[in-house]
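What follows is a short report on a single structure.
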Amino acid sequence: MLTTRYVTGAPNWVDVGTSDIDGTTSFYGELFGWRFRSAGPEAGGYGFFELDGRIVAGGMETTPEQGPPSWTVYFQTPDAQAAAKTSEQSRGGVLVRPMDVLGQGTMAILADRAGVPFGVWQPGRLGGLGVAGDTGALCWVELYTADIAAAAAYYRAVLGLETLAVSFPGGAYTCVNPAGEGEESMFGGVVPLADDPLETDAHWLPYFAVDDTDAVVARARELGGAVRMPATDIEGVGRLARLADPYGARFAVLRPLPREV
C-alpha cells in the first residue's frame with residue numbers, strides 16, 4: 001500500500017478535473033469527509049482536498065475541450081524534463097510540457113504508449129500528498145491496458161518501475177513497485193483490458209481507503225454517483241468497489257485486509 005515515503009516512481013499526487021468543482025467538492029466531502037481549500041487566485045481555480053488538515057488530493061474545474069471529468073495519478077520524478085524526453089523516446093507522448101508550479105515543484109502530463117495520461121511531479125517546496133494509505137486517502141492505483149508487456153517496458157524506462165506477477169486463486173496479478181525498493185513498496189497493479197469487461201479503455205484508476213466499503217457504496221449512490229462494480233471481496237486483498245462521481249470521474253474504494261504481523 002501507499003505511504004508518504006515518496007521515492008522515484010512512487011505515486012505522490014492525485015487530482016481530479018471536473019465540470020463542476022462545487023458539486024465535486026460536495027460529493028467527496030460527504031463521501032470521505034474532505035474539505036476543499038483554494039490554492040489562491042494565482043492558481044487558476046486549482047485547490048486542495050484536505051482531511052484533518054492534510055492534503056489528500058487536488059482538483060479544479062475543467063472545460064470539455066480539456067477532456068471528460070477524470071482523476072489523474074502523478075508519480076515522483078527527480079527530473080520532469082528528463083521524464084518528458086524519455087516518454088517521447090519510448091513511443092509515448094507529452095500532453096503538458098514540464099512547468100514550474102508557483103515554486104512548489106515541476107509538473108508535466110505525459111501519455112504512455114497506449115495514450116493513457118498520467119502526471120509526473122518533481123518536488124520543490126511541496127513533496128507530495130500529506131497523507132496516503134490511511135482511511136479517506138489514496139492507497140492503491142491500477143493501470144488498465146491492452147498490452148502489459150509494452151506498458152511495463154514504457155514505465156520502467158520513464159519512471160524506473162518494476163513489475164512482478166503475483167499468484168492468487170484463479171490467476172495472477174501484475175504488481176508494480178519502484179525499482180530497487182522490493183515487494184514491500186508495491187503501490188499498484190497492471191490489469192489486461194481483455195480480462196476485465198467492465199473497463200473498456202486504457203486508464204489509471206485511483207483507489208481510496210475506506211473503513212466500510214458497503215456503506216461508502218451506498219452513500220455514493222445516494223449522492224448521485226454511479227456504482228460500476230459493487231462491493232466485492234478479493235482474497236488476500238480486502239473488499240473493494242469501483243465507482244464514478246456524479247460527473248463521470250472514475251475511482252475505486254478499498255477496505256484493505258489488516259496487515260499480518
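Quick note on naming: the chains in the C-alpha cells go A, B, ... in the order shown, residues restart at 1 in each chain, and ligands are numbered from 1 in order of appearance.
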Which residues, written as a ChimeraX atom specification, have at least one atom at most 8 Å from region 236-242 of chain A, with only C-alpha atoms counted and residues fewer than 2 positions away on the same chain left out? /A:213,217,227-234,244,250-257
Please produce a file of those selected residues containing N, CA, C and O atoms, as a compact mmCIF listing (two decimals), in the first residue's frame.
```
# COMPACT_ATOMS: atom_id res chain seq x y z
N THR A 213 -16.66 -0.58 3.04
CA THR A 213 -16.89 -0.46 1.60
C THR A 213 -18.37 -0.38 1.27
O THR A 213 -18.80 0.44 0.45
N VAL A 217 -20.31 2.65 -0.70
CA VAL A 217 -21.01 2.40 -1.96
C VAL A 217 -22.45 2.93 -1.88
O VAL A 217 -22.94 3.60 -2.79
N VAL A 227 -22.34 3.22 -9.33
CA VAL A 227 -21.65 2.03 -8.84
C VAL A 227 -21.28 1.20 -10.06
O VAL A 227 -22.14 0.57 -10.68
N ARG A 228 -20.03 1.20 -10.42
CA ARG A 228 -19.57 0.50 -11.61
C ARG A 228 -19.30 -0.98 -11.31
O ARG A 228 -19.45 -1.83 -12.18
N MET A 229 -18.85 -1.27 -10.10
CA MET A 229 -18.69 -2.65 -9.63
C MET A 229 -19.07 -2.67 -8.16
O MET A 229 -18.53 -1.91 -7.37
N PRO A 230 -20.05 -3.49 -7.77
CA PRO A 230 -20.48 -3.50 -6.38
C PRO A 230 -19.40 -4.00 -5.44
O PRO A 230 -18.37 -4.54 -5.88
N ALA A 231 -19.60 -3.80 -4.16
CA ALA A 231 -18.63 -4.24 -3.16
C ALA A 231 -18.34 -5.73 -3.32
O ALA A 231 -19.27 -6.55 -3.36
N THR A 232 -17.07 -6.07 -3.43
CA THR A 232 -16.64 -7.44 -3.73
C THR A 232 -15.43 -7.78 -2.88
O THR A 232 -14.51 -6.98 -2.75
N ASP A 233 -15.43 -8.98 -2.31
CA ASP A 233 -14.28 -9.45 -1.54
C ASP A 233 -13.25 -10.05 -2.48
O ASP A 233 -13.58 -10.90 -3.33
N ILE A 234 -12.00 -9.63 -2.34
CA ILE A 234 -10.89 -10.19 -3.10
C ILE A 234 -9.95 -10.86 -2.11
O ILE A 234 -9.41 -10.19 -1.21
N ALA A 244 -18.04 5.89 -9.76
CA ALA A 244 -17.80 7.12 -10.53
C ALA A 244 -18.56 8.23 -9.82
O ALA A 244 -19.64 7.99 -9.26
N ARG A 250 -13.90 8.38 -12.68
CA ARG A 250 -13.87 7.03 -12.14
C ARG A 250 -12.85 6.91 -11.00
O ARG A 250 -11.75 7.45 -11.09
N PHE A 251 -13.22 6.14 -9.98
CA PHE A 251 -12.31 5.85 -8.88
C PHE A 251 -12.78 4.57 -8.22
O PHE A 251 -13.84 4.01 -8.57
N ALA A 252 -12.00 4.06 -7.29
CA ALA A 252 -12.36 2.85 -6.57
C ALA A 252 -12.12 3.06 -5.09
O ALA A 252 -11.38 3.96 -4.68
N VAL A 253 -12.77 2.23 -4.28
CA VAL A 253 -12.57 2.27 -2.83
C VAL A 253 -12.19 0.87 -2.37
O VAL A 253 -12.60 -0.13 -2.97
N LEU A 254 -11.43 0.81 -1.30
CA LEU A 254 -10.92 -0.46 -0.81
C LEU A 254 -10.83 -0.45 0.71
O LEU A 254 -10.28 0.49 1.29
N ARG A 255 -11.39 -1.47 1.32
CA ARG A 255 -11.15 -1.72 2.74
C ARG A 255 -10.09 -2.81 2.80
O ARG A 255 -10.39 -3.99 2.62
N PRO A 256 -8.83 -2.43 3.00
CA PRO A 256 -7.76 -3.42 2.96
C PRO A 256 -7.86 -4.40 4.12
O PRO A 256 -8.34 -4.08 5.19
N LEU A 257 -7.40 -5.60 3.87
CA LEU A 257 -7.28 -6.57 4.94
C LEU A 257 -6.21 -6.09 5.91
O LEU A 257 -5.22 -5.44 5.50
```
Just want the 7 Å neighbourhood of region 15-24 of chain A, counted on only C-alpha atoms, with same-chain residues fewer than 4 positions away dropped. Output as number ranges by chain. A: 28, 57-63, 69-73, 247
Compare A:Ser167, A:Thr200, A:Gln122, A:Asn177 by their minimum atom-to-atom distance to Tyr155 (chain A), counting only C-alpha atoms, and give me the closest one.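 Of A:Ser167, A:Thr200, A:Gln122, A:Asn177, the one nearest Tyr155 (chain A) is A:Asn177, counting only C-alpha atoms.
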Residues within 8 Å of region 1-6 of chain A, only C-alpha atoms, excluding chain neighbours under 5 positions, as a ChimeraX atom specification: /A:11-12,76,127-133,138-140,185-188
Provide the CA of Val210 (chain A) to CA of Arg37 (chain A) distance in Å, to one decimal place.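 So the answer is 22.1 Å.
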To one decimal place, how far is CA of Thr145 (chain A) from CA of Pro192 (chain A) in Å? 5.3 Å
Any idea what the distance is between CA of Phe118 (chain A) and CA of Leu223 (chain A)? 27.6 Å
Using the chain letters and numbers from this document, which residues of region 8-117 of chain A does DSSP assign to helix (DSSP H, G or I), as a ChimeraX atom specification? /A:21-32,41-43,64-66,80-89
Quick check for you: according to DSSP on this backbone, which residues of region 25-219 of chain A are classed as strand (DSSP E)? Reply as a PyMOL selection string. chain A and resi 35-38+47-51+54-61+70-76+93-100+105-111+117-123+138-145+161-168+171-178+188-192+203-209
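Of the listed residues A:Asp52, A:Glu184, A:Glu162, A:Asp112, the one whose atoms come nearest to Ala202 (chain A) is A:Asp112, with distances taken using only C-alpha atoms.
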Would you kindly return, as number ranges by chain, each protein, DNA or RNA residue with an atom no farther than 9 Å from any atom of Phe32 (chain A), considering only C-alpha atoms and excluding same-chain residues fewer than 5 positions away? A: 27, 51, 135-137, 210, 216
Which of A:Val120, A:Leu161, A:Ala151, A:Ile55 sits closest to Ala80 (chain A) [using only C-alpha atoms]: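 With only C-alpha atoms as the atom set, the closest residue is A:Val120.
Using only C-alpha atoms, the shortest contact distance between Asp196 (chain A) and any of A:Pro123, A:Phe168, A:Ala220, A:Tyr144 is found at A:Tyr144.
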